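> Below is coords.cif; it holds mmCIF, C-alpha atoms.
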```cif
data_query
#
loop_
_atom_site.label_atom_id
_atom_site.label_comp_id
_atom_site.auth_asym_id
_atom_site.auth_seq_id
_atom_site.Cartn_x
_atom_site.Cartn_y
_atom_site.Cartn_z
CA MET A 14 -6.32 3.88 -21.96
CA SER A 15 -9.44 1.77 -21.62
CA THR A 16 -9.52 -1.56 -23.36
CA SER A 17 -13.20 -2.01 -22.63
CA GLU A 18 -15.58 -2.41 -25.55
CA ASN A 19 -18.07 -0.33 -23.63
CA THR A 20 -17.72 3.06 -25.29
CA ASP A 21 -20.35 4.48 -22.93
CA ARG A 22 -17.94 4.35 -20.03
CA ILE A 23 -17.47 7.82 -18.59
CA PRO A 24 -13.83 8.81 -18.10
CA PRO A 25 -12.69 9.03 -14.47
CA ALA A 26 -11.67 12.67 -14.87
CA LEU A 27 -15.26 13.67 -15.61
CA ARG A 28 -16.68 11.42 -12.90
CA THR A 29 -14.25 12.91 -10.38
CA GLU A 30 -15.49 16.38 -11.26
CA ALA A 31 -19.07 15.16 -10.86
CA LEU A 32 -18.43 13.64 -7.45
CA GLU A 33 -16.66 16.77 -6.25
CA GLN A 34 -19.61 18.91 -7.36
CA LEU A 35 -22.18 16.66 -5.68
CA LEU A 36 -20.36 16.57 -2.36
CA THR A 37 -19.44 20.26 -2.41
CA GLU A 38 -23.03 21.33 -3.10
CA ARG A 39 -24.15 19.55 0.04
CA GLY A 40 -21.31 20.89 2.13
CA LEU A 41 -19.78 17.44 2.61
CA VAL A 42 -16.37 18.43 1.26
CA ASP A 43 -14.64 21.77 1.05
CA PRO A 44 -12.60 22.32 -2.15
CA ASN A 45 -10.13 24.46 -0.19
CA VAL A 46 -9.45 21.57 2.18
CA MET A 47 -8.97 19.34 -0.86
CA ASN A 48 -6.48 21.82 -2.31
CA LYS A 49 -4.48 21.74 0.92
CA PHE A 50 -4.41 17.93 0.95
CA ILE A 51 -3.19 17.83 -2.64
CA ALA A 52 -0.56 20.55 -2.15
CA ASN A 53 0.72 18.84 0.98
CA TYR A 54 1.39 15.58 -0.87
CA GLU A 55 2.76 17.39 -3.92
CA THR A 56 5.26 19.48 -1.98
CA ASN A 57 5.82 18.42 1.67
CA VAL A 58 5.25 14.68 2.05
CA GLY A 59 7.61 12.98 -0.35
CA PRO A 60 10.79 10.92 -0.65
CA LEU A 61 12.96 13.84 0.47
CA ASN A 62 11.78 12.99 4.00
CA GLY A 63 13.04 9.44 3.68
CA ALA A 64 16.28 10.67 2.12
CA LYS A 65 16.93 12.78 5.22
CA VAL A 66 16.35 9.75 7.43
CA VAL A 67 18.76 7.64 5.36
CA ALA A 68 21.49 10.31 5.21
CA LYS A 69 21.32 10.75 8.97
CA ALA A 70 21.55 7.00 9.52
CA TRP A 71 24.62 6.87 7.25
CA THR A 72 26.42 9.58 9.20
CA ASP A 73 25.22 8.99 12.77
CA PRO A 74 25.75 5.40 13.99
CA GLU A 75 23.64 5.90 17.12
CA TYR A 76 20.76 7.21 15.06
CA LYS A 77 21.08 4.22 12.74
CA GLN A 78 20.86 1.90 15.72
CA ARG A 79 17.69 3.63 16.93
CA LEU A 80 16.25 3.60 13.42
CA LEU A 81 16.69 -0.14 13.00
CA ALA A 82 15.40 -0.83 16.52
CA ASP A 83 12.29 1.38 16.34
CA GLY A 84 11.77 2.94 12.94
CA THR A 85 8.61 4.84 13.81
CA ALA A 86 10.19 6.61 16.78
CA ALA A 87 13.49 7.40 15.05
CA ILE A 88 11.66 8.77 12.00
CA LYS A 89 9.50 10.91 14.26
CA GLU A 90 12.68 12.43 15.73
CA LEU A 91 13.10 14.14 12.36
CA GLY A 92 9.50 15.32 12.42
CA PHE A 93 7.97 12.77 10.06
CA SER A 94 4.76 10.97 11.04
CA GLY A 95 1.16 10.77 9.90
CA PRO A 96 -1.19 8.61 7.84
CA GLN A 97 0.26 5.29 6.64
CA GLY A 98 3.10 5.63 9.12
CA GLU A 99 1.69 4.13 12.31
CA HIS A 100 4.38 1.47 12.53
CA ILE A 101 7.37 1.74 10.21
CA VAL A 102 10.00 -0.97 10.21
CA VAL A 103 13.38 -0.14 8.68
CA VAL A 104 15.52 -2.89 7.15
CA GLU A 105 19.09 -2.50 5.98
CA ASN A 106 20.43 -3.50 2.58
CA THR A 107 24.06 -4.59 2.53
CA GLU A 108 26.62 -6.16 0.22
CA THR A 109 24.96 -9.54 0.68
CA THR A 110 21.34 -8.91 1.71
CA HIS A 111 18.73 -7.09 -0.31
CA ASN A 112 15.22 -6.17 0.86
CA VAL A 113 12.52 -5.13 -1.58
CA VAL A 114 9.03 -3.94 -0.57
CA VAL A 115 5.65 -4.56 -2.21
CA CYS A 116 1.96 -4.61 -1.36
CA THR A 117 0.34 -7.36 -3.39
CA LEU A 118 -3.21 -6.67 -2.15
CA CYS A 119 -3.32 -2.93 -2.80
CA SER A 120 -0.48 -0.41 -2.74
CA CYS A 121 0.33 0.16 0.94
CA TYR A 122 3.34 2.44 1.22
CA PRO A 123 5.03 4.49 3.99
CA TRP A 124 3.58 7.89 3.12
CA PRO A 125 5.33 9.99 5.82
CA VAL A 126 8.79 9.12 4.49
CA LEU A 127 8.18 8.39 0.81
CA GLY A 128 5.00 10.27 -0.08
CA LEU A 129 2.43 8.68 -2.37
CA PRO A 130 3.49 5.58 -4.28
CA PRO A 131 4.94 5.89 -7.81
CA SER A 132 3.19 4.36 -10.83
CA TRP A 133 5.36 1.23 -11.01
CA TYR A 134 4.63 0.34 -7.37
CA LYS A 135 0.89 0.36 -8.12
CA ASP A 136 1.28 -1.53 -11.38
CA PRO A 137 -0.17 -5.09 -11.44
CA VAL A 138 3.09 -6.24 -13.04
CA TYR A 139 5.08 -5.34 -9.94
CA ARG A 140 2.44 -6.39 -7.42
CA ALA A 141 1.97 -9.79 -9.07
CA ARG A 142 5.53 -10.72 -9.95
CA VAL A 143 7.96 -9.38 -7.37
CA VAL A 144 6.78 -11.98 -4.82
CA LYS A 145 7.45 -14.78 -7.31
CA GLN A 146 10.44 -13.71 -9.44
CA PRO A 147 12.09 -10.85 -7.53
CA ARG A 148 15.52 -11.25 -9.09
CA ARG A 149 14.12 -11.19 -12.60
CA VAL A 150 11.76 -8.30 -11.89
CA LEU A 151 14.56 -6.24 -10.34
CA ALA A 152 16.73 -6.94 -13.38
CA GLU A 153 13.93 -5.82 -15.70
CA MET A 154 13.73 -2.63 -13.65
CA GLY A 155 17.45 -2.07 -14.06
CA LEU A 156 18.92 -3.59 -10.90
CA GLU A 157 21.15 -6.61 -11.49
CA LEU A 158 22.02 -8.32 -8.21
CA ALA A 159 24.97 -10.67 -7.83
CA ASP A 160 24.09 -14.33 -7.42
CA ASP A 161 25.29 -14.44 -3.81
CA VAL A 162 22.98 -11.62 -2.69
CA GLN A 163 20.16 -12.92 -0.52
CA ILE A 164 16.83 -11.36 -1.45
CA THR A 165 14.03 -10.79 1.06
CA VAL A 166 10.69 -9.59 -0.28
CA ARG A 167 8.47 -7.69 2.19
CA ASP A 168 4.77 -7.93 1.36
CA SER A 169 3.00 -5.14 3.30
CA SER A 170 -0.28 -6.89 3.91
CA SER A 171 -1.18 -5.26 7.26
CA GLU A 172 -0.60 -1.77 8.67
CA VAL A 173 3.13 -2.40 9.11
CA ARG A 174 5.06 -0.22 6.66
CA TRP A 175 8.56 -1.03 5.43
CA LEU A 176 11.39 1.35 4.61
CA VAL A 177 14.67 0.15 3.14
CA LEU A 178 17.89 1.68 4.42
CA PRO A 179 20.02 1.43 1.26
CA GLN A 180 23.72 0.74 1.28
CA ARG A 181 25.86 3.87 1.39
CA PRO A 182 27.75 4.06 -1.89
CA ALA A 183 31.52 3.82 -2.00
CA ASP A 184 33.54 7.01 -2.42
CA THR A 185 31.14 9.12 -0.35
CA GLU A 186 33.19 9.16 2.87
CA ASP A 187 33.97 12.86 2.46
CA LEU A 188 30.36 13.91 1.97
CA THR A 189 28.34 15.50 4.75
CA GLU A 190 24.83 14.46 5.76
CA GLU A 191 23.42 17.38 3.75
CA GLN A 192 25.46 16.40 0.70
CA LEU A 193 24.28 12.79 0.92
CA VAL A 194 20.56 13.63 1.01
CA PRO A 195 20.17 14.36 -2.74
CA LEU A 196 21.83 11.05 -3.65
CA VAL A 197 19.13 8.98 -1.93
CA THR A 198 16.33 8.01 -4.29
CA ARG A 199 12.82 6.84 -3.61
CA ASP A 200 13.46 3.69 -5.63
CA ALA A 201 16.41 2.76 -3.42
CA MET A 202 14.27 3.16 -0.31
CA VAL A 203 11.76 0.67 -1.71
CA GLY A 204 14.55 -1.67 -2.78
CA VAL A 205 14.34 -1.58 -6.59
CA ALA A 206 17.55 0.42 -7.02
CA LYS A 207 20.87 1.15 -5.33
CA VAL A 208 22.17 4.55 -4.35
CA HIS A 209 25.02 5.81 -6.54
CA ALA A 210 27.73 8.27 -5.61
CA SER A 211 26.74 10.71 -8.33
CA MET B 30 -13.31 -14.13 -0.52
CA ASP B 31 -10.91 -13.92 -3.43
CA GLY B 32 -11.04 -10.38 -4.69
CA ILE B 33 -9.73 -8.90 -7.89
CA ALA B 34 -7.04 -7.14 -5.81
CA ASP B 35 -5.26 -10.33 -4.75
CA LEU B 36 -2.53 -10.20 -7.42
CA GLY B 37 0.46 -11.81 -5.70
CA GLY B 38 1.98 -14.53 -7.90
CA THR B 39 -0.57 -14.22 -10.70
CA ASP B 40 0.69 -14.60 -14.27
CA GLY B 41 0.18 -12.87 -17.56
CA TRP B 42 1.23 -9.31 -16.76
CA GLY B 43 4.26 -9.04 -19.00
CA PRO B 44 7.65 -7.55 -18.12
CA ALA B 45 8.45 -4.81 -15.63
CA HIS B 46 10.25 -1.68 -16.80
CA PRO B 47 12.81 0.73 -15.35
CA PRO B 48 11.04 3.34 -13.20
CA PRO B 49 10.45 6.64 -15.02
CA ARG B 50 12.43 9.58 -13.69
CA ASP B 51 10.82 12.69 -12.23
CA GLU B 52 7.31 11.31 -12.34
CA PRO B 53 4.80 13.85 -10.98
CA VAL B 54 2.89 12.89 -7.81
CA PHE B 55 -0.35 13.13 -9.77
CA ALA B 56 -0.02 12.48 -13.51
CA GLU B 57 -3.25 14.35 -14.21
CA GLN B 58 -5.09 16.95 -12.20
CA TRP B 59 -8.17 14.80 -11.60
CA GLU B 60 -6.01 12.21 -9.83
CA GLY B 61 -5.22 14.67 -7.06
CA ARG B 62 -8.92 15.58 -6.80
CA SER B 63 -9.83 11.88 -6.57
CA PHE B 64 -7.18 11.34 -3.88
CA ALA B 65 -8.47 14.21 -1.73
CA LEU B 66 -12.14 13.32 -2.31
CA THR B 67 -11.49 9.77 -1.20
CA LEU B 68 -9.78 10.78 2.04
CA LEU B 69 -12.53 13.27 2.87
CA SER B 70 -15.52 11.16 1.83
CA MET B 71 -14.25 8.18 3.83
CA GLY B 72 -14.71 10.29 6.94
CA ARG B 73 -18.26 11.10 5.85
CA VAL B 74 -19.22 7.43 5.71
CA SER B 75 -18.01 6.24 9.08
CA GLY B 76 -14.64 7.37 10.31
CA GLN B 77 -11.45 6.63 8.45
CA ASN B 78 -12.16 2.93 7.99
CA LEU B 79 -9.34 1.98 5.63
CA ASP B 80 -10.34 -1.66 5.62
CA ALA B 81 -13.81 -0.78 4.36
CA PHE B 82 -12.17 1.31 1.66
CA ARG B 83 -9.88 -1.56 0.62
CA HIS B 84 -12.90 -3.86 0.58
CA ALA B 85 -14.70 -1.38 -1.68
CA LEU B 86 -11.65 -1.43 -3.99
CA GLU B 87 -11.59 -5.20 -4.24
CA ARG B 88 -15.30 -5.33 -5.12
CA GLN B 89 -14.77 -3.40 -8.35
CA ASP B 90 -15.13 -5.15 -11.69
CA ARG B 91 -12.14 -5.45 -14.01
CA PRO B 92 -12.59 -2.21 -15.98
CA ALA B 93 -13.32 -0.24 -12.81
CA TYR B 94 -10.30 -1.73 -11.04
CA PHE B 95 -7.71 -1.81 -13.83
CA ASP B 96 -8.73 0.45 -16.72
CA ASP B 97 -9.37 3.59 -14.66
CA GLY B 98 -5.95 3.38 -13.01
CA TYR B 99 -5.06 3.77 -9.36
CA TYR B 100 -6.93 6.98 -8.60
CA GLY B 101 -9.76 5.90 -10.87
CA ARG B 102 -10.31 2.84 -8.71
CA TRP B 103 -10.11 5.08 -5.63
CA LEU B 104 -12.89 7.17 -7.11
CA ASN B 105 -14.96 4.08 -7.88
CA ALA B 106 -14.47 2.70 -4.37
CA SER B 107 -15.40 6.04 -2.80
CA GLU B 108 -18.56 6.15 -4.85
CA LEU B 109 -19.46 2.61 -3.81
CA MET B 110 -19.04 3.47 -0.11
CA LEU B 111 -21.07 6.67 -0.48
CA VAL B 112 -23.87 4.83 -2.28
CA GLU B 113 -23.92 2.01 0.28
CA SER B 114 -24.22 4.61 3.04
CA ALA B 115 -27.02 6.28 1.04
CA ILE B 116 -25.13 9.55 1.07
CA LEU B 117 -25.37 9.40 -2.73
CA ALA B 118 -28.08 7.77 -4.82
CA PRO B 119 -27.02 4.99 -7.21
CA GLY B 120 -26.23 6.57 -10.56
CA ALA B 121 -25.89 10.08 -9.13
CA VAL B 122 -22.26 10.46 -10.18
CA ASP B 123 -22.86 9.21 -13.71
CA ALA B 124 -25.90 11.45 -14.13
CA ARG B 125 -23.97 14.51 -12.98
CA ALA B 126 -21.04 13.59 -15.23
CA ARG B 127 -23.39 13.37 -18.20
CA ASN B 128 -24.86 16.73 -17.37
CA LEU B 129 -21.37 18.19 -17.14
CA ARG B 130 -20.99 17.27 -20.78
CA GLY B 131 -24.37 18.68 -21.66
CA GLU B 132 -26.58 15.61 -21.93
CA GLY B 133 -29.37 17.05 -19.80
CA VAL B 134 -30.33 13.84 -17.98
CA LYS B 135 -32.49 13.69 -14.85
CA GLU B 136 -30.50 13.26 -11.65
CA PRO B 137 -31.75 10.96 -8.86
CA ALA B 138 -33.05 12.53 -5.64
CA VAL B 139 -30.76 12.70 -2.60
CA PRO B 140 -31.57 9.68 -0.43
CA GLU B 141 -31.91 9.46 3.33
CA PRO B 142 -28.41 8.59 4.64
CA ASN B 143 -28.04 5.15 6.17
CA LYS B 144 -24.51 5.06 7.53
CA PRO B 145 -22.96 1.98 9.14
CA ASP B 146 -23.58 1.78 12.88
CA TYR B 147 -19.94 1.90 13.79
CA ALA B 148 -17.38 3.99 15.62
CA ALA B 149 -13.66 3.30 16.03
CA THR B 150 -12.49 2.66 19.59
CA GLY B 151 -9.33 4.68 18.98
CA PRO B 152 -7.23 6.39 16.35
CA GLY B 153 -5.49 4.41 13.63
CA SER B 154 -5.35 0.63 13.47
CA LEU B 155 -2.97 -0.38 16.27
CA ARG B 156 -4.54 -1.71 19.47
CA THR B 157 -3.47 -3.53 22.60
CA VAL B 158 -4.91 -6.96 23.26
CA ASP B 159 -5.09 -8.64 26.67
CA VAL B 160 -4.23 -12.19 25.65
CA GLU B 161 -0.71 -13.45 25.05
CA PRO B 162 0.35 -14.16 21.46
CA ALA B 163 -0.51 -17.72 20.45
CA PHE B 164 2.75 -18.10 18.52
CA GLU B 165 6.32 -17.21 19.38
CA VAL B 166 9.27 -15.93 17.38
CA GLY B 167 10.98 -18.82 15.58
CA GLU B 168 7.90 -21.05 15.67
CA ARG B 169 6.80 -22.81 12.50
CA VAL B 170 3.26 -21.82 11.52
CA ARG B 171 0.94 -22.63 8.65
CA ALA B 172 -1.20 -20.06 6.89
CA ARG B 173 -4.77 -21.34 6.76
CA ALA B 174 -5.70 -22.94 3.47
CA THR B 175 -9.24 -21.61 3.54
CA PRO B 176 -9.89 -18.00 4.46
CA SER B 177 -13.10 -16.66 5.96
CA ASP B 178 -16.04 -16.02 3.63
CA GLY B 179 -15.80 -12.26 3.81
CA PRO B 180 -12.92 -9.94 3.03
CA THR B 181 -9.47 -10.97 4.21
CA ARG B 182 -5.86 -9.85 4.08
CA LEU B 183 -4.64 -13.43 3.72
CA PRO B 184 -3.42 -13.56 0.11
CA ALA B 185 -4.03 -16.69 -1.92
CA TYR B 186 -0.36 -17.28 -2.61
CA VAL B 187 0.54 -18.01 1.04
CA ARG B 188 -2.52 -20.08 1.94
CA GLY B 189 -1.71 -23.56 3.13
CA HIS B 190 2.02 -22.84 3.24
CA THR B 191 4.34 -23.16 6.20
CA GLY B 192 6.70 -20.45 7.40
CA VAL B 193 8.46 -19.22 10.52
CA VAL B 194 7.46 -16.35 12.80
CA GLU B 195 10.13 -13.67 12.35
CA VAL B 196 8.69 -10.83 14.46
CA ILE B 197 5.58 -10.27 16.55
CA GLN B 198 4.31 -6.89 15.35
CA PRO B 199 1.99 -4.56 17.26
CA ALA B 200 -1.54 -5.92 17.54
CA ALA B 201 -4.04 -4.38 15.15
CA LEU B 202 -7.72 -4.47 14.38
CA LEU B 203 -8.79 -7.37 12.19
CA PRO B 204 -9.52 -6.29 8.60
CA ASP B 205 -11.89 -9.21 7.99
CA THR B 206 -14.54 -7.86 10.36
CA HIS B 207 -13.51 -4.21 10.43
CA ALA B 208 -13.93 -3.93 6.65
CA VAL B 209 -17.62 -4.78 6.93
CA PHE B 210 -18.21 -2.70 10.08
CA GLN B 211 -18.57 -5.83 12.20
CA GLY B 212 -16.13 -4.81 14.92
CA GLU B 213 -12.44 -4.27 15.42
CA ASN B 214 -11.57 -7.66 16.97
CA ALA B 215 -7.93 -6.67 17.47
CA GLN B 216 -5.44 -9.52 17.13
CA HIS B 217 -1.73 -10.13 17.32
CA VAL B 218 0.05 -9.69 13.99
CA TYR B 219 3.07 -11.72 12.92
CA SER B 220 5.69 -11.17 10.26
CA VAL B 221 5.99 -14.70 8.90
CA ARG B 222 9.00 -15.69 6.81
CA PHE B 223 8.50 -18.11 3.92
CA ASP B 224 11.07 -19.81 1.74
CA SER B 225 10.43 -19.29 -1.96
CA HIS B 226 10.53 -23.03 -2.63
CA GLU B 227 7.72 -23.55 -0.11
CA LEU B 228 5.59 -20.99 -1.93
CA TRP B 229 6.46 -21.68 -5.56
CA GLY B 230 7.75 -25.24 -5.70
CA ALA B 231 11.05 -27.04 -5.23
CA GLY B 232 11.94 -27.11 -8.93
CA PRO B 233 14.98 -25.45 -10.48
CA ASP B 234 12.86 -22.67 -12.00
CA THR B 235 12.05 -21.25 -8.60
CA GLU B 236 14.32 -18.35 -7.65
CA PRO B 237 15.88 -18.79 -4.20
CA PHE B 238 14.73 -16.00 -1.86
CA THR B 239 12.78 -15.40 1.32
CA LEU B 240 9.56 -13.49 1.74
CA THR B 241 7.94 -11.99 4.80
CA ILE B 242 4.32 -11.03 5.13
CA GLU B 243 2.22 -9.76 8.04
CA LEU B 244 -0.48 -12.24 9.03
CA PHE B 245 -3.16 -11.93 11.70
CA GLU B 246 -3.31 -14.56 14.40
CA SER B 247 -6.53 -16.12 13.11
CA TYR B 248 -4.89 -16.62 9.69
CA LEU B 249 -2.37 -19.01 11.24
CA GLU B 250 -2.38 -22.48 12.72
CA LYS B 251 0.18 -24.63 14.45
CA THR B 252 2.02 -27.16 12.30
CA ALA B 253 2.09 -29.98 14.85
#
```
Written as structure tokens, that's how I'd like the structure from this file.

Amino acid sequence: MSTSENTDRIPPALRTEALEQLLTERGLVDPNVMNKFIANYETNVGPLNGAKVVAKAWTDPEYKQRLLADGTAAIKELGFSGPQGEHIVVVENTETTHNVVVCTLCSCYPWPVLGLPPSWYKDPVYRARVVKQPRRVLAEMGLELADDVQITVRDSSSEVRWLVLPQRPADTEDLTEEQLVPLVTRDAMVGVAKVHAS
Amino acid sequence: MDGIADLGGTDGWGPAHPPPRDEPVFAEQWEGRSFALTLLSMGRVSGQNLDAFRHALERQDRPAYFDDGYYGRWLNASELMLVESAILAPGAVDARARNLRGEGVKEPAVPEPNKPDYAATGPGSLRTVDVEPAFEVGERVRARATPSDGPTRLPAYVRGHTGVVEVIQPAALLPDTHAVFQGENAQHVYSVRFDSHELWGAGPDTEPFTLTIELFESYLEKTA
């Protein structure tokens, strides 16, 4: 993992254990509280929340209108809010416009609807290149966009958080909101993939 | 200040790859511990000052920022903030880690805490400001070519370039001063739209696209 020549470097796993011990001994952190934090982000706060938002917007035109006008409030209607979700702006991908989200300075990400960011979002490759060669980066990630699709890159440099409302796939007219939810992927809600009917 | 974290538009990273499927939230157990420790220890330093945390991240050296991975750099930033607040002694984490693997080294004494003299004026980062926005939607604005000396959220790749105000976002506290516990100084925030050719050159190699980025009022100047 490390490319450093310094073999004396202590692995982060061991240093994490050391820090936890030091702070726990002095009563500054409670391991049980830590466990709850971790479990919450492993099980409750994840992209399923965003998928519910998207499926509702696909099936309820008035909700979609509210979502695009005031993302934070419309998302809160479904019970999703919290850290890294103070002000969420939702942008719609269509046949001809494609939004893709990045944070070049760190890895800011809309936690309440997507959970913690995936590895590729935090990778220097993505952070460095998607603001310069978005079409090529998306193709490398598996998303080929037609030449006439207008790309807009959203660099989340402040506390504004971006959520992409992906295009509803063709041949899903008969599906209910509940049936649409599992089709919606995290990657589509960041803008590096499309949603497929199956 | 140009930190190690300012990656936008930098070269030499190689190709991107298709996202892995079914990636766990935390690839290894320690990553979850680091995540939770960071959130909790931030509160021990001086409230949940995210800007100070980001500033601690961007002051890491290359191995500490890149080689330890995302939650490794979180751990390193947490440690830096705890040491600067004298909640931990310098070297305390390394000494304990060595003892965990049986080296039997002497650990430094617990210092007298010296936390930043700072308290947030409200929850989160959004604030109201009394003055009207200096720029309006549709106005052409230029990102300042030279940022302030301290931390900033004005990335190098937009500096000196001209764009158009797309949206006036809610006002928020200014990271530049907030990150160093020098006050919230809330400002208007603008989503500014740039054309790719303005950012990366008019040549045929530049992909045509637009980019928006949120910039604080003091990062911008009028073009005329």
> Check every residue of chain B for an atom within 6 Å of chain A, counting all atoms listed in the file, and provide those that qualify as a list in words.
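That gives the following set of residues: Ala34, Asp35, Leu36, Gly37, Gly38, Thr39, Trp42, Ala45, His46, Pro47, Val54, Trp59, Gly61, Ser63, Ala65, Asp96, Gly101, Val122, Arg125, Ala126, Phe238, Thr239, Leu240, Thr241, Ile242 and Glu243 of chain B.
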> Those same residues - C-alpha atoms - I'd like them written as a compact mmCIF listing (two decimals), keeping the file's coordinate frame.

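Result file follows (part-v3.txt):
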```
# COMPACT_ATOMS: atom_id res chain seq x y z
CA ALA B 34 -7.04 -7.14 -5.81
CA ASP B 35 -5.26 -10.33 -4.75
CA LEU B 36 -2.53 -10.20 -7.42
CA GLY B 37 0.46 -11.81 -5.70
CA GLY B 38 1.98 -14.53 -7.90
CA THR B 39 -0.57 -14.22 -10.70
CA TRP B 42 1.23 -9.31 -16.76
CA ALA B 45 8.45 -4.81 -15.63
CA HIS B 46 10.25 -1.68 -16.80
CA PRO B 47 12.81 0.73 -15.35
CA VAL B 54 2.89 12.89 -7.81
CA TRP B 59 -8.17 14.80 -11.60
CA GLY B 61 -5.22 14.67 -7.06
CA SER B 63 -9.83 11.88 -6.57
CA ALA B 65 -8.47 14.21 -1.73
CA ASP B 96 -8.73 0.45 -16.72
CA GLY B 101 -9.76 5.90 -10.87
CA VAL B 122 -22.26 10.46 -10.18
CA ARG B 125 -23.97 14.51 -12.98
CA ALA B 126 -21.04 13.59 -15.23
CA PHE B 238 14.73 -16.00 -1.86
CA THR B 239 12.78 -15.40 1.32
CA LEU B 240 9.56 -13.49 1.74
CA THR B 241 7.94 -11.99 4.80
CA ILE B 242 4.32 -11.03 5.13
CA GLU B 243 2.22 -9.76 8.04
```
> Quick one: which residues end up in the PyMOL selection byres ((chain B and resi 112) around 10) for this structure, as a list in words?
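After applying the PyMOL selection byres ((chain B and resi 112) around 10), what remains is Val74, Ala106, Ser107, Glu108, Leu109, Met110, Leu111, Glu113, Ser114, Ala115, Ile116, Leu117, Ala118, Pro119, Gly120, Ala121, Val122, Pro140, Pro142, Asn143 and Lys144 of chain B.
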> Given 3 Å on each side, where is the centre and what are the edge lengths in Å to one decimal of the axis-aligned box enclosing the listed atoms of range 205-208 of chain A, as AutoDock Vina command-line options?

```
--center_x 18.3 --center_y 1.5 --center_z -5.7 --size_x 13.8 --size_y 12.1 --size_z 8.7
```
> How would you write, as a list in words, the residues chosen by the PyMOL selection byres ((chain A and resi 208) around 8) on this structure?
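Applying the PyMOL selection byres ((chain A and resi 208) around 8) to the structure shown produces Pro179, Gln180, Arg181, Pro182, Leu196, Val197, Thr198, Ala201, Ala206, Lys207, His209 and Ala210 of chain A.
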> Could you tell me which residues the PyMOL selection byres ((chain B and resi 197) around 10) grabs in this file, written as a PDB file with C-alpha atoms, in the coordinates of the input?

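Saved file selection26.pdb follows:
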```
ATOM      1  CA  PRO B 162       0.350 -14.160  21.460  1.00  0.00           C
ATOM      2  CA  PHE B 164       2.750 -18.100  18.520  1.00  0.00           C
ATOM      3  CA  GLU B 165       6.320 -17.210  19.380  1.00  0.00           C
ATOM      4  CA  VAL B 166       9.270 -15.930  17.380  1.00  0.00           C
ATOM      5  CA  VAL B 194       7.460 -16.350  12.800  1.00  0.00           C
ATOM      6  CA  GLU B 195      10.130 -13.670  12.350  1.00  0.00           C
ATOM      7  CA  VAL B 196       8.690 -10.830  14.460  1.00  0.00           C
ATOM      8  CA  GLN B 198       4.310  -6.890  15.350  1.00  0.00           C
ATOM      9  CA  PRO B 199       1.990  -4.560  17.260  1.00  0.00           C
ATOM     10  CA  ALA B 200      -1.540  -5.920  17.540  1.00  0.00           C
ATOM     11  CA  HIS B 217      -1.730 -10.130  17.320  1.00  0.00           C
ATOM     12  CA  VAL B 218       0.050  -9.690  13.990  1.00  0.00           C
ATOM     13  CA  TYR B 219       3.070 -11.720  12.920  1.00  0.00           C
ATOM     14  CA  SER B 220       5.690 -11.170  10.260  1.00  0.00           C
ATOM     15  CA  VAL B 221       5.990 -14.700   8.900  1.00  0.00           C
ATOM     16  CA  GLU B 243       2.220  -9.760   8.040  1.00  0.00           C
ATOM     17  CA  LEU B 244      -0.480 -12.240   9.030  1.00  0.00           C
TER      18      LEU B 244
END
```
> One decimal, Å: what's the distance from CA of Ala231 in chain B over to CA of Thr252 in chain B, could you say?
19.7 Å
> Quote the spacing between CA of Glu168 in chain B and CA of Phe223 in chain B in Å to one decimal place.
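These atoms are spaced 12.1 Å apart.
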> What does the distance from CA of Ser211 in chain A to CA of Val104 in chain A come to in Å, to one decimal?
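Value for the CA of Ser211 in chain A-CA of Val104 in chain A distance: 23.5 Å.
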> Can you tell me, as a list in words, which residues sit within 12 Å of (-24.7, 1.1, 15.5) in the file's frame, using all atoms listed in the file?
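Looking at atoms near the point gives Ser75, Asn143, Lys144, Pro145, Asp146, Tyr147, Ala148, Ala149, Phe210, Gln211 and Gly212 of chain B.
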